[in-house]
Each structure stands twice: as structure tokens, then as C-alpha cells.
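Here's the structure we're looking at; comments come further down.
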Amino acid sequence: IFQSMFRQFAKSVRAPVSSWSANLVLSRNMSIRVFSERTMKPGFEGYVRELMSDNILEKVQSQPGHLSYEVLQDCEDLNKYVVMTEWESTADLNRWLQNSEYKEMCEKMNGVLEETPSYRVFKRPEEDIFLL
């Protein structure tokens, strides 16, 4: 089923399936995604915006093994955010977590959080599975 859906997707973007499948296999077998949920104290939006715009995104993106970064805001609680990062490996993630810039940013951010952030690490299943 997955291969059929994948071929359909590859046709829709007009790229040869073989070029997509090589990249897909690499990323499916190796990458991990980290979801961290943070709830900010009301009134600190400007501080958080300033802190995050202080080259944090550039610092994360320049890390070895970093693949992607996305921030989502809760539709009902506008002070709640989920940050999703994707890494080539757990070793790459751990290297970033030990980085002094990451630790410094977390210290600054902890002062404006309502609660301790939650972190979850996910990987793609070894078997193809499609869930709605």
C-alpha cells in the first residue's frame, strides 16, 4: 500500500520514483523526530520572540545532523507551543542537547515557562504502516 501511495505522490511531483525512493529509504531508516511542548507565561511573548530570534533557529539549523525545525501554536491556548525538530540520528540530537548554546537558551526560556517542558522522541516504524 505504501509503495503504491508513494508512486502516486512521485508522479504528482513529476519526479522519477527511483530518485525519491533512495532518499525515502535513507530518511525512513535513520531519522528521529523530537516534539517538545512548552507553555509560556502570559505577557512574555515579546521576550520569547526576541530570545528565539537571537539566531537560535540559525544555530539549530547549523548543527550536524539537523534536518528540519517547525514551531506550532495551540489553536485554543495561544501560550502553548510544540517545537518539532528532525535529526539524522540520536547521536546528532544528543550532541545538540549537550551544546552550551542550547543549554543557555533553555535556562533563559525556563524563566518564562508555566510548567516544565515535555519531550518525546519518535522514529518511523520499521514496517510500513498507514494510520489515520
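Labels for the C-alpha cells follow display order: chains A, B, ..., residues from 1 in each chain, ligands from 1.
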### Query
Out of stretch 33-127 of chain A, which residues get strand (DSSP E or B) from DSSP, as a PyMOL selection string?
chain A and resi 33-40+66-73+80-87+113+118-123
Sorted by chain and rising residue number, which residues of stretch 46-71 of chain A lie within 8 Å of stretch 91-100 of chain A, and what are their closest atom pairs and distances in Å to one decimal, counting only C-alpha atoms, as a tab-separated table?
residue	atom	partner	partner_atom	distance
A:Val60	CA	A:Trp96	CA	7.9
A:Gln63	CA	A:Trp96	CA	7.0
A:Pro64	CA	A:Asp92	CA	6.4
A:Gly65	CA	A:Asp92	CA	5.3
A:His66	CA	A:Asp92	CA	7.3
Store the residues picked out above, limited to C-alpha atoms, as an mmCIF file, in the first residue's frame.
data_model
loop_
_atom_site.group_PDB
_atom_site.id
_atom_site.type_symbol
_atom_site.label_atom_id
_atom_site.label_comp_id
_atom_site.auth_asym_id
_atom_site.auth_seq_id
_atom_site.Cartn_x
_atom_site.Cartn_y
_atom_site.Cartn_z
ATOM 1 C CA VAL A 60 19.887 24.768 15.414
ATOM 2 C CA GLN A 63 24.092 21.633 13.800
ATOM 3 C CA PRO A 64 25.449 18.437 12.247
ATOM 4 C CA GLY A 65 22.608 16.038 11.580
ATOM 5 C CA HIS A 66 19.811 18.600 11.863
#
One-decimal distance in Å that lies between atom CA of A:Val121 and atom CA of A:Leu67: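 Atom CA of A:Val121 lies at a distance of 14.5 Å from atom CA of A:Leu67.
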- request: For each of A:Cys106, A:Ile56, A:Leu131, A:Ile32, take the minimum atom-to-atom distance to A:Ser89, counting only C-alpha atoms, then give the residue where this is smallest.
  value: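 Looking only at the distances to A:Ser89, the closest residue turns out to be A:Ile32.
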TODO: Go ahead and compute the interatomic distance for atom CA of A:Pro117 and atom CA of A:Val71, in Å to one decimal.
DONE: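 Calculated distance between atom CA of A:Pro117 and atom CA of A:Val71 is 14.2 Å.
Backbone DSSP over stretch 53-87 of chain A yields alpha helix (DSSP H) at Ser53, Ile56, Leu57, Glu58, Lys59, Val60 and Gln61 of chain A.
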How about saving the chosen residues, C-alpha atoms kept, as an mmCIF file, in the first residue's frame?
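Dumped everything to out.cif:
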data_model
loop_
_atom_site.group_PDB
_atom_site.id
_atom_site.type_symbol
_atom_site.label_atom_id
_atom_site.label_comp_id
_atom_site.auth_asym_id
_atom_site.auth_seq_id
_atom_site.Cartn_x
_atom_site.Cartn_y
_atom_site.Cartn_z
ATOM 1 C CA SER A 53 15.120 35.461 17.011
ATOM 2 C CA ILE A 56 18.531 30.330 17.725
ATOM 3 C CA LEU A 57 16.999 28.989 14.522
ATOM 4 C CA GLU A 58 20.286 29.512 12.666
ATOM 5 C CA LYS A 59 22.186 27.795 15.474
ATOM 6 C CA VAL A 60 19.887 24.768 15.414
ATOM 7 C CA GLN A 61 19.918 24.530 11.621
#
